[in-house]
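Pasted below: my_file-v1.cif, mmCIF, C-alpha atoms.
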data_upload
#
loop_
_atom_site.label_atom_id
_atom_site.label_comp_id
_atom_site.auth_asym_id
_atom_site.auth_seq_id
_atom_site.Cartn_x
_atom_site.Cartn_y
_atom_site.Cartn_z
CA MET A 138 -31.41 183.35 19.41
CA LYS A 139 -28.85 185.33 21.23
CA THR A 140 -25.79 186.35 19.38
CA VAL A 141 -22.17 186.64 20.20
CA CYS A 142 -21.33 189.06 22.92
CA SER A 143 -19.39 191.70 21.16
CA TYR A 144 -17.93 193.63 24.01
CA MET A 145 -16.27 190.82 25.79
CA VAL A 146 -13.92 189.08 23.49
CA LEU A 147 -11.66 186.99 25.62
CA LEU A 148 -8.96 185.75 23.37
CA ALA A 149 -8.17 182.14 23.94
CA MET A 150 -4.75 181.30 25.14
CA LEU A 151 -3.63 178.56 22.88
CA ALA A 152 -1.24 175.96 24.06
CA SER A 153 -0.19 172.42 23.49
CA CYS A 154 -0.78 170.56 20.27
CA GLY A 155 2.47 170.27 18.45
CA GLY A 156 3.02 170.78 14.78
CA ASP A 157 4.52 173.60 12.86
CA SER A 158 1.21 174.80 11.54
CA GLY A 159 -0.15 175.47 15.04
CA PRO A 160 -3.31 174.16 16.58
CA PRO A 161 -6.17 173.68 14.16
CA LEU A 162 -8.79 174.74 16.67
CA SER A 163 -9.26 178.25 18.03
CA ALA A 164 -11.85 179.81 20.29
CA THR A 165 -13.31 183.27 20.73
CA ASP A 166 -15.96 184.74 22.99
CA ILE A 167 -15.15 182.33 25.78
CA ALA A 168 -17.45 182.76 28.75
CA ILE A 169 -16.94 180.37 31.63
CA ILE A 170 -19.71 180.93 34.12
CA ALA A 171 -19.21 180.55 37.86
CA PRO A 172 -21.52 178.06 39.56
CA LEU A 173 -24.52 179.74 41.14
CA PRO A 174 -25.03 179.60 44.90
CA GLY A 175 -26.21 176.19 45.96
CA ARG A 176 -25.06 174.63 42.74
CA SER A 177 -21.98 172.59 41.94
CA GLY A 178 -22.22 172.83 38.19
CA SER A 179 -22.24 175.52 35.60
CA ALA A 180 -21.83 176.17 31.90
CA ALA A 181 -19.29 177.55 29.46
CA TYR A 182 -19.88 179.15 26.09
CA MET A 183 -17.63 180.05 23.19
CA THR A 184 -17.23 179.93 19.47
CA LEU A 185 -14.91 177.22 18.17
CA HIS A 186 -13.30 177.58 14.78
CA ASN A 187 -11.62 174.84 12.82
CA GLY A 188 -8.90 176.53 10.82
CA SER A 189 -7.64 173.34 9.25
CA ASP A 190 -8.56 171.74 5.96
CA LYS A 191 -10.12 168.66 7.49
CA ALA A 192 -12.95 168.02 9.90
CA ILE A 193 -12.19 167.86 13.60
CA ILE A 194 -14.16 165.61 15.88
CA LEU A 195 -14.12 166.63 19.52
CA HIS A 196 -14.72 163.60 21.66
CA GLU A 197 -13.91 164.89 25.12
CA VAL A 198 -13.50 168.09 27.07
CA SER A 199 -11.86 168.22 30.48
CA SER A 200 -10.66 170.75 32.99
CA PRO A 201 -8.26 170.37 35.91
CA LEU A 202 -10.67 172.34 38.07
CA PHE A 203 -13.81 170.31 37.42
CA ALA A 204 -14.42 166.63 38.00
CA ARG A 205 -16.20 166.37 34.66
CA VAL A 206 -16.90 168.49 31.63
CA GLU A 207 -19.54 167.39 29.17
CA MET A 208 -20.79 168.73 25.89
CA HIS A 209 -24.53 169.29 25.98
CA GLU A 210 -27.15 170.80 23.76
CA SER A 211 -30.29 172.54 24.92
CA THR A 212 -33.23 172.71 22.59
CA ILE A 213 -36.66 174.22 22.85
CA SER A 214 -39.11 172.36 20.67
CA ASP A 215 -42.87 172.79 20.88
CA GLY A 216 -42.23 174.98 23.90
CA ILE A 217 -40.41 172.22 25.79
CA ALA A 218 -36.82 172.76 26.93
CA ARG A 219 -34.70 169.65 26.78
CA MET A 220 -31.04 168.93 27.16
CA ARG A 221 -29.02 166.09 25.68
CA LYS A 222 -25.44 165.04 26.06
CA LEU A 223 -23.26 165.18 22.97
CA GLU A 224 -20.84 162.26 22.88
CA SER A 225 -18.80 163.98 20.19
CA LEU A 226 -18.93 167.05 18.03
CA SER A 227 -17.78 167.36 14.45
CA ILE A 228 -16.53 170.73 13.21
CA ALA A 229 -16.17 170.83 9.46
CA ALA A 230 -13.01 172.15 7.83
CA GLY A 231 -12.89 175.92 7.91
CA SER A 232 -16.13 176.27 9.83
CA SER A 233 -17.22 177.41 13.27
CA VAL A 234 -19.53 176.02 15.92
CA GLN A 235 -21.11 178.29 18.46
CA PHE A 236 -21.72 177.29 22.04
CA ALA A 237 -24.39 179.72 23.23
CA VAL A 238 -27.23 180.06 25.71
CA GLY A 239 -30.13 177.88 24.66
CA GLY A 240 -27.96 175.75 22.40
CA LYS A 241 -24.74 173.84 22.64
CA HIS A 242 -22.82 174.43 25.84
CA LEU A 243 -20.19 172.87 28.00
CA MET A 244 -21.50 171.59 31.29
CA LEU A 245 -18.96 171.99 34.08
CA ILE A 246 -19.62 169.53 36.85
CA ASP A 247 -18.31 169.40 40.42
CA PRO A 248 -15.46 171.87 40.86
CA VAL A 249 -12.56 170.32 42.69
CA LYS A 250 -12.15 173.38 44.90
CA GLY A 251 -13.92 176.61 45.69
CA LEU A 252 -13.90 178.94 42.70
CA LEU A 253 -14.30 182.66 42.52
CA PRO A 254 -15.01 184.98 39.59
CA GLY A 255 -11.68 185.94 38.08
CA ASP A 256 -10.07 182.54 38.65
CA SER A 257 -8.39 181.26 35.53
CA ILE A 258 -10.10 178.16 34.14
CA SER A 259 -8.52 175.88 31.56
CA LEU A 260 -10.60 173.80 29.21
CA GLU A 261 -8.86 170.95 27.44
CA MET A 262 -10.39 170.01 24.13
CA HIS A 263 -9.52 166.48 23.06
CA TYR A 264 -10.00 165.66 19.43
CA ASP A 265 -9.98 162.60 17.34
CA ASP A 266 -6.36 162.33 16.30
CA GLY A 267 -5.19 162.45 19.89
CA GLY A 268 -4.44 166.16 19.92
CA ILE A 269 -5.40 168.48 22.71
CA VAL A 270 -5.98 172.21 22.58
CA ILE A 271 -6.24 174.15 25.82
CA PHE A 272 -8.27 177.32 26.15
CA SER A 273 -8.19 179.44 29.28
CA ALA A 274 -10.35 182.30 30.44
CA PRO A 275 -11.29 183.89 33.76
CA LEU A 276 -14.35 182.62 35.53
CA ARG A 277 -17.15 185.17 35.29
CA THR A 278 -20.58 185.67 36.73
CA ARG A 279 -23.74 185.17 34.76
CA GLN A 280 -24.68 188.66 33.74
CA ASN A 281 -25.94 190.46 30.70
CA PRO A 282 -28.36 187.72 29.74
CA GLY A 283 -28.87 189.20 26.33
CA ASP A 284 -25.34 188.26 25.48
CA ASN A 285 -23.76 185.03 24.52
CA GLN A 286 -22.71 183.78 27.91
CA MET B 28 -51.92 165.13 31.07
CA THR B 29 -50.59 165.09 27.52
CA ALA B 30 -54.12 165.48 26.25
CA LEU B 31 -54.61 168.43 28.55
CA ARG B 32 -51.46 170.01 27.31
CA LYS B 33 -52.56 169.54 23.72
CA LEU B 34 -55.91 171.04 24.57
CA PHE B 35 -54.18 174.00 26.15
CA THR B 36 -51.92 174.42 23.14
CA VAL B 37 -54.94 174.38 20.87
CA LEU B 38 -56.62 176.93 23.11
CA LEU B 39 -53.61 179.20 22.91
CA ALA B 40 -53.40 178.77 19.19
CA ALA B 41 -57.04 179.72 18.98
CA VAL B 42 -56.38 182.80 21.07
CA ALA B 43 -53.54 183.76 18.80
CA MET B 44 -55.69 183.27 15.74
CA VAL B 45 -58.52 185.40 17.00
CA GLY B 46 -56.44 188.29 15.84
CA THR B 47 -58.48 190.97 17.53
CA THR B 48 -56.90 194.16 18.67
CA VAL B 49 -57.59 193.14 22.22
CA TYR B 50 -55.77 189.82 22.30
CA LEU B 51 -52.52 190.29 20.52
CA ALA B 52 -50.02 187.54 20.03
CA GLN B 53 -47.48 189.32 17.96
CA THR B 54 -43.91 188.17 18.00
CA THR B 55 -41.91 191.34 17.67
CA GLY B 56 -41.94 195.04 17.43
CA GLY B 57 -45.47 196.19 17.99
CA PRO B 58 -46.14 199.92 18.07
CA PRO B 59 -45.74 201.70 21.40
CA GLY B 60 -48.58 200.92 23.74
CA GLN B 61 -49.21 197.51 22.22
CA LEU B 62 -48.10 194.09 23.30
CA GLN B 63 -45.01 192.75 21.59
CA LYS B 64 -44.76 189.20 22.80
CA ALA B 65 -47.35 188.29 25.39
CA THR B 66 -50.24 186.01 24.61
CA VAL B 67 -53.23 187.07 26.66
CA LEU B 68 -55.87 184.57 27.64
CA PRO B 69 -59.35 185.61 26.60
CA GLU B 70 -60.53 184.74 30.10
CA PRO B 71 -58.16 184.51 33.07
CA LEU B 72 -57.68 180.91 34.15
CA PRO B 73 -57.97 180.39 37.91
CA LEU B 74 -55.18 178.36 39.44
CA PRO B 75 -56.24 175.10 41.07
CA GLU B 76 -55.86 174.63 44.78
CA PHE B 77 -52.43 173.15 45.48
CA ILE B 78 -49.95 172.87 48.31
CA LEU B 79 -46.24 173.13 47.67
CA THR B 80 -43.40 174.36 49.88
CA GLY B 81 -41.82 177.78 49.58
CA GLN B 82 -38.11 178.37 49.96
CA ASP B 83 -38.87 179.66 53.43
CA GLY B 84 -40.07 176.17 54.32
CA ARG B 85 -43.66 177.30 54.71
CA PRO B 86 -46.60 175.89 52.75
CA PHE B 87 -47.03 177.64 49.44
CA GLY B 88 -50.49 177.48 47.94
CA LYS B 89 -52.71 179.42 45.64
CA ASN B 90 -53.20 182.18 48.19
CA ARG B 91 -49.52 183.09 48.05
CA PHE B 92 -50.20 184.46 44.56
CA ARG B 93 -53.05 186.73 45.63
CA GLY B 94 -52.56 190.47 45.83
CA LYS B 95 -49.58 190.69 43.49
CA PHE B 96 -48.52 189.86 39.98
CA SER B 97 -46.14 186.97 39.54
CA LEU B 98 -43.98 185.77 36.68
CA VAL B 99 -43.80 182.01 37.02
CA PHE B 100 -41.21 179.79 35.41
CA PHE B 101 -41.03 176.02 35.79
CA GLY B 102 -37.41 174.86 35.91
CA PHE B 103 -34.80 173.45 38.27
CA THR B 104 -31.48 174.45 39.74
CA HIS B 105 -29.41 171.71 38.10
CA CYS B 106 -30.39 173.11 34.72
CA PRO B 107 -27.18 174.91 33.72
CA ASP B 108 -28.30 176.82 30.68
CA ILE B 109 -31.88 177.77 29.92
CA CYS B 110 -33.14 178.08 33.51
CA PRO B 111 -30.53 180.51 34.87
CA ALA B 112 -30.58 182.45 31.62
CA THR B 113 -34.36 182.81 31.82
CA LEU B 114 -34.31 183.81 35.49
CA GLN B 115 -31.64 186.37 34.74
CA GLN B 116 -33.73 187.80 31.92
CA LEU B 117 -36.74 188.05 34.22
CA ALA B 118 -34.64 189.65 36.95
CA VAL B 119 -33.22 192.22 34.55
CA ALA B 120 -36.68 193.00 33.23
CA ARG B 121 -37.86 193.47 36.82
CA SER B 122 -34.97 195.82 37.53
CA ARG B 123 -35.79 197.89 34.50
CA LEU B 124 -39.43 198.07 35.55
CA ALA B 125 -38.28 199.23 38.97
CA GLU B 126 -36.17 201.97 37.42
CA ALA B 127 -39.22 203.08 35.45
CA GLY B 128 -41.37 203.14 38.57
CA ALA B 129 -43.68 200.47 37.18
CA THR B 130 -45.63 197.84 39.06
CA LEU B 131 -43.26 195.00 39.89
CA PRO B 132 -44.04 191.33 39.49
CA GLU B 133 -42.66 188.72 41.83
CA ILE B 134 -40.57 186.11 40.05
CA VAL B 135 -41.30 182.55 41.11
CA LEU B 136 -39.25 179.54 40.08
CA ILE B 137 -41.34 176.41 40.51
CA SER B 138 -38.85 173.58 40.63
CA VAL B 139 -39.84 170.44 38.78
CA ASP B 140 -36.98 168.65 40.54
CA PRO B 141 -38.14 168.31 44.15
CA GLU B 142 -35.70 165.46 44.78
CA ARG B 143 -32.73 167.80 44.52
CA ASP B 144 -34.24 171.24 45.08
CA SER B 145 -34.84 171.57 48.78
CA PRO B 146 -36.12 174.88 50.18
CA GLU B 147 -32.57 175.65 51.34
CA ILE B 148 -31.08 175.03 47.91
CA LEU B 149 -33.81 177.10 46.27
CA ALA B 150 -33.26 179.97 48.69
CA GLN B 151 -29.53 180.01 48.01
CA TYR B 152 -30.06 179.78 44.27
CA THR B 153 -32.76 182.40 43.84
CA ALA B 154 -30.93 184.92 46.03
CA TYR B 155 -28.37 185.25 43.26
CA PHE B 156 -30.98 186.80 40.99
CA GLY B 157 -31.80 189.60 43.38
CA ALA B 158 -34.90 190.99 45.01
CA GLY B 159 -38.30 189.59 44.21
CA VAL B 160 -37.13 186.14 43.12
CA SER B 161 -38.06 183.04 45.08
CA GLY B 162 -38.36 179.31 44.63
CA VAL B 163 -41.09 176.79 45.28
CA SER B 164 -41.25 173.03 45.04
CA GLY B 165 -42.80 170.13 46.86
CA ASP B 166 -44.80 166.99 46.41
CA LEU B 167 -44.61 165.64 42.89
CA ASP B 168 -48.34 165.02 42.64
CA GLU B 169 -49.06 168.60 43.68
CA LEU B 170 -46.51 169.87 41.17
CA GLN B 171 -48.13 167.78 38.48
CA LYS B 172 -51.57 169.05 39.39
CA LEU B 173 -50.52 172.66 39.15
CA ALA B 174 -48.46 172.14 36.00
CA SER B 175 -51.21 170.28 34.19
CA ALA B 176 -53.76 172.95 35.03
CA LEU B 177 -51.46 175.55 33.54
CA GLY B 178 -50.55 173.58 30.43
CA ILE B 179 -47.02 172.98 31.69
CA PHE B 180 -45.16 169.81 30.81
CA PHE B 181 -42.26 168.30 32.67
CA GLU B 182 -40.59 164.92 32.54
CA LYS B 183 -37.60 163.54 34.37
CA SER B 184 -35.09 161.52 32.38
CA ALA B 185 -33.57 158.24 33.53
CA GLY B 186 -30.36 157.85 35.49
CA ASP B 187 -28.77 159.31 38.58
CA ASP B 188 -27.48 162.40 36.81
CA TYR B 189 -30.86 163.13 35.29
CA ASP B 190 -32.24 166.05 33.35
CA VAL B 191 -35.81 167.30 33.55
CA ALA B 192 -37.44 168.38 30.32
CA HIS B 193 -39.85 171.22 31.01
CA SER B 194 -41.94 173.88 29.35
CA ALA B 195 -39.93 177.02 28.75
CA VAL B 196 -42.89 179.40 28.86
CA VAL B 197 -43.15 182.19 31.45
CA LEU B 198 -46.59 182.67 32.94
CA LEU B 199 -48.08 185.86 34.31
CA ILE B 200 -50.30 185.18 37.30
CA ASP B 201 -52.50 188.11 38.28
CA THR B 202 -53.53 189.45 41.66
CA ALA B 203 -56.51 187.12 41.82
CA ALA B 204 -54.26 184.05 41.42
CA GLU B 205 -55.38 183.56 37.85
CA LEU B 206 -53.29 182.89 34.76
CA ARG B 207 -53.58 186.08 32.77
CA ALA B 208 -50.97 185.84 30.01
CA LEU B 209 -47.92 183.95 28.92
CA PHE B 210 -44.60 184.59 27.24
CA SER B 211 -43.27 181.88 24.96
CA ALA B 212 -39.57 181.14 24.61
CA PRO B 213 -37.21 182.47 23.46
CA HIS B 214 -37.64 185.27 25.94
CA ASP B 215 -36.88 188.89 25.27
CA ILE B 216 -36.17 191.45 27.96
CA ASP B 217 -37.35 194.42 25.90
CA ALA B 218 -40.63 192.71 25.17
CA LEU B 219 -41.13 191.87 28.83
CA VAL B 220 -40.44 195.47 29.82
CA ASN B 221 -42.85 196.69 27.19
CA ASP B 222 -45.62 194.21 27.81
CA LEU B 223 -45.72 193.80 31.56
CA PRO B 224 -46.91 197.33 32.41
CA LEU B 225 -49.63 196.96 29.80
CA LEU B 226 -50.74 193.73 31.42
CA MET B 227 -50.35 194.74 35.07
CA GLY B 228 -51.33 198.38 34.95
CA ARG B 229 -48.75 200.88 36.00
#

Rewrite the coordinates I just gave you, this time as structure tokens.
Amino acid sequence: MKTVCSYMVLLAMLASCGGDSGPPLSATDIAIIAPLPGRSGSAAYMTLHNGSDKAIILHEVSSPLFARVEMHESTISDGIARMRKLESLSIAAGSSVQFAVGGKHLMLIDPVKGLLPGDSISLEMHYDDGGIVIFSAPLRTRQNPGDNQ
Amino acid sequence: MTALRKLFTVLLAAVAMVGTTVYLAQTTGGPPGQLQKATVLPEPLPLPEFILTGQDGRPFGKNRFRGKFSLVFFGFTHCPDICPATLQQLAVARSRLAEAGATLPEIVLISVDPERDSPEILAQYTAYFGAGVSGVSGDLDELQKLASALGIFFEKSAGDDYDVAHSAVVLLIDTAAELRALFSAPHDIDALVNDLPLLMGR
């Protein structure tokens, strides 16, 4: 499977989520892909890391620039590609979960306005105790298919 | 259809197990001049007669494959992950073949989602991937006929916002409109660039 794209580390801008210890969730290698021509949806990839000492359960992701954001997982089993929606995602204490091509990914559905590569996109990660962490990264085109994008 | 697919899978497994130097089904890293990833059919499999619609709105049948090599992938434009990633891999491989002066295959996306993938949508979508990429779709029965003959599975899920499960394999159709070889997922650009000239002739 493809691995993390090493040359394009877009550091997440962390915001929100009060508490002196800072947000428990961080993200690296964020790649938010612009919708292709003729399409109103796209995908986003990243690596999420839970820096806290307890599990985090993500139950919703949203973005002000998309009508819906869903967590999905692609699988290829017996040569058949399938996709299923993840209603929630548990990230164990101190561990990471990778969203990558051919695996878990965020599905970005119906942008609320025209978007161009370079536009800043915010992704709001809602987790089980009511907290929200916001990650932002510029919209990019789907290139370098050997990378995690 | 499922039985046909199983039969085809068994056939391919048999091909892989033959293990001769002629029909290689290695997974990685063969020596130079040898196939790295492709599975070659012992005998090319002629495509059935079928009639679909090309992205230009014209009928697209078996004859559209004649006289050129084609890399065929069954997918759909609402697929946000595996389909665009695969098409991008094929497009990059094609670009690298072009740089090397090799024979170039056409890249054909056969949409298994004719409800949503009109010729206009397919034309817009495939243009993103550059020269030599086009889309085809059409009547579901015709799609099923072609897919079954090639050992391809697809199945639409329930609901309005549906997904379509589909085979992830890439097929190489030769100049006589026959299935010559296939590349199983996950796909690898280097392997495609290595294997395709060996399969197509330079």

Would you list the contacts of B:Ala118 as a list of chain:residue names, taking every protein, DNA or RNA residue within 8 Å and counting only C-alpha atoms, but skipping same-chain residues closer than 5 positions in sequence?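 Using only C-alpha atoms, the neighbours found are B:Ile134, B:Phe156, B:Gly157, B:Val160.
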
Residue by residue, what does the PyMOL selection byres ((chain A) within 12 of (chain B)) grab here? Present the result as a count of residues only. 53

Could you jot down the atom CA of B:Glu133 to atom CA of A:Arg277 separation for me, Å, one decimal place?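 Separation between atom CA of B:Glu133 and atom CA of A:Arg277: 26.6 Å.
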
Which value, in Å to one decimal, gives the distance between atom CA of A:Gly188 and atom CA of A:Ala230?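 Atom-to-atom, atom CA of A:Gly188 to atom CA of A:Ala230, that is 6.7 Å.
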
In Å, how far is it from atom CA of B:Ser138 to atom CA of A:Gln235?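 Atom-to-atom, atom CA of B:Ser138 to atom CA of A:Gln235, that is 28.8 Å.
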
Can you translate the PyMOL selection byres ((chain B and resi 203) around 7) into the concrete residues it hits in this file, as a list in words? Arg93, Gly94, Asp201, Thr202, Ala204 and Glu205 of chain B

Expected file: the selected residues, C-alpha atoms, as a tab-separated table (two decimals), in the frame of the given file:
chain	number	residue	atom	x	y	z
B	93	ARG	CA	-53.05	186.73	45.63
B	94	GLY	CA	-52.56	190.47	45.83
B	201	ASP	CA	-52.50	188.11	38.28
B	202	THR	CA	-53.53	189.45	41.66
B	204	ALA	CA	-54.26	184.05	41.42
B	205	GLU	CA	-55.38	183.56	37.85

Result set, the PyMOL selection byres ((chain A and resi 201-203) around 10) on current file, as an NGL selection string: :A and (177-178 or 199-200 or 204-206 or 244-252 or 257-261)

Of the candidates A:Ala274, A:Ala168, A:Val234, A:Leu195, which one gets nearest to A:Met262 if we count only C-alpha atoms?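 Smallest separation from A:Met262 among the options: A:Leu195.
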
With distances taken over all atoms listed in the file, which of A:Pro275, A:Leu223, A:Ser189, A:Val270 is nearest to A:Leu253?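 With all atoms listed in the file as the atom set, the closest residue is A:Pro275.
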
What's around B:Leu219 at 12 Å? Count only C-alpha atoms, leave out sequence neighbours fewer than 2 positions away in its own chain, and write the answer as a compact mmCIF listing (two decimals) with C-alpha atoms, keeping the file's coordinate frame.
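Saved as out_13.txt:
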# COMPACT_ATOMS: atom_id res chain seq x y z
CA THR B 54 -43.91 188.17 18.00
CA THR B 55 -41.91 191.34 17.67
CA GLY B 56 -41.94 195.04 17.43
CA GLN B 61 -49.21 197.51 22.22
CA LEU B 62 -48.10 194.09 23.30
CA GLN B 63 -45.01 192.75 21.59
CA LYS B 64 -44.76 189.20 22.80
CA ALA B 65 -47.35 188.29 25.39
CA THR B 66 -50.24 186.01 24.61
CA LEU B 98 -43.98 185.77 36.68
CA THR B 113 -34.36 182.81 31.82
CA GLN B 116 -33.73 187.80 31.92
CA LEU B 117 -36.74 188.05 34.22
CA ALA B 118 -34.64 189.65 36.95
CA VAL B 119 -33.22 192.22 34.55
CA ALA B 120 -36.68 193.00 33.23
CA ARG B 121 -37.86 193.47 36.82
CA SER B 122 -34.97 195.82 37.53
CA ARG B 123 -35.79 197.89 34.50
CA LEU B 124 -39.43 198.07 35.55
CA LEU B 131 -43.26 195.00 39.89
CA PRO B 132 -44.04 191.33 39.49
CA VAL B 197 -43.15 182.19 31.45
CA LEU B 198 -46.59 182.67 32.94
CA LEU B 199 -48.08 185.86 34.31
CA ALA B 208 -50.97 185.84 30.01
CA LEU B 209 -47.92 183.95 28.92
CA PHE B 210 -44.60 184.59 27.24
CA SER B 211 -43.27 181.88 24.96
CA ALA B 212 -39.57 181.14 24.61
CA PRO B 213 -37.21 182.47 23.46
CA HIS B 214 -37.64 185.27 25.94
CA ASP B 215 -36.88 188.89 25.27
CA ILE B 216 -36.17 191.45 27.96
CA ASP B 217 -37.35 194.42 25.90
CA ASN B 221 -42.85 196.69 27.19
CA ASP B 222 -45.62 194.21 27.81
CA LEU B 223 -45.72 193.80 31.56
CA PRO B 224 -46.91 197.33 32.41
CA LEU B 225 -49.63 196.96 29.80
CA LEU B 226 -50.74 193.73 31.42
CA MET B 227 -50.35 194.74 35.07

Given all atoms listed in the file as the basis, pick out the residue of B:Asp187, B:Val67, B:Glu142, B:Gly88 nearest to B:Glu169. B:Gly88

List the neighbours of stretch 161-163 of chain B out to 6 Å using all atoms listed in the file; skip same-chain residues closer than 5 positions along the sequence, and give me the result as a list in words. Thr80, Gly81, Gln82, Val135, Leu136, Ile137, Leu149 and Thr153 of chain B
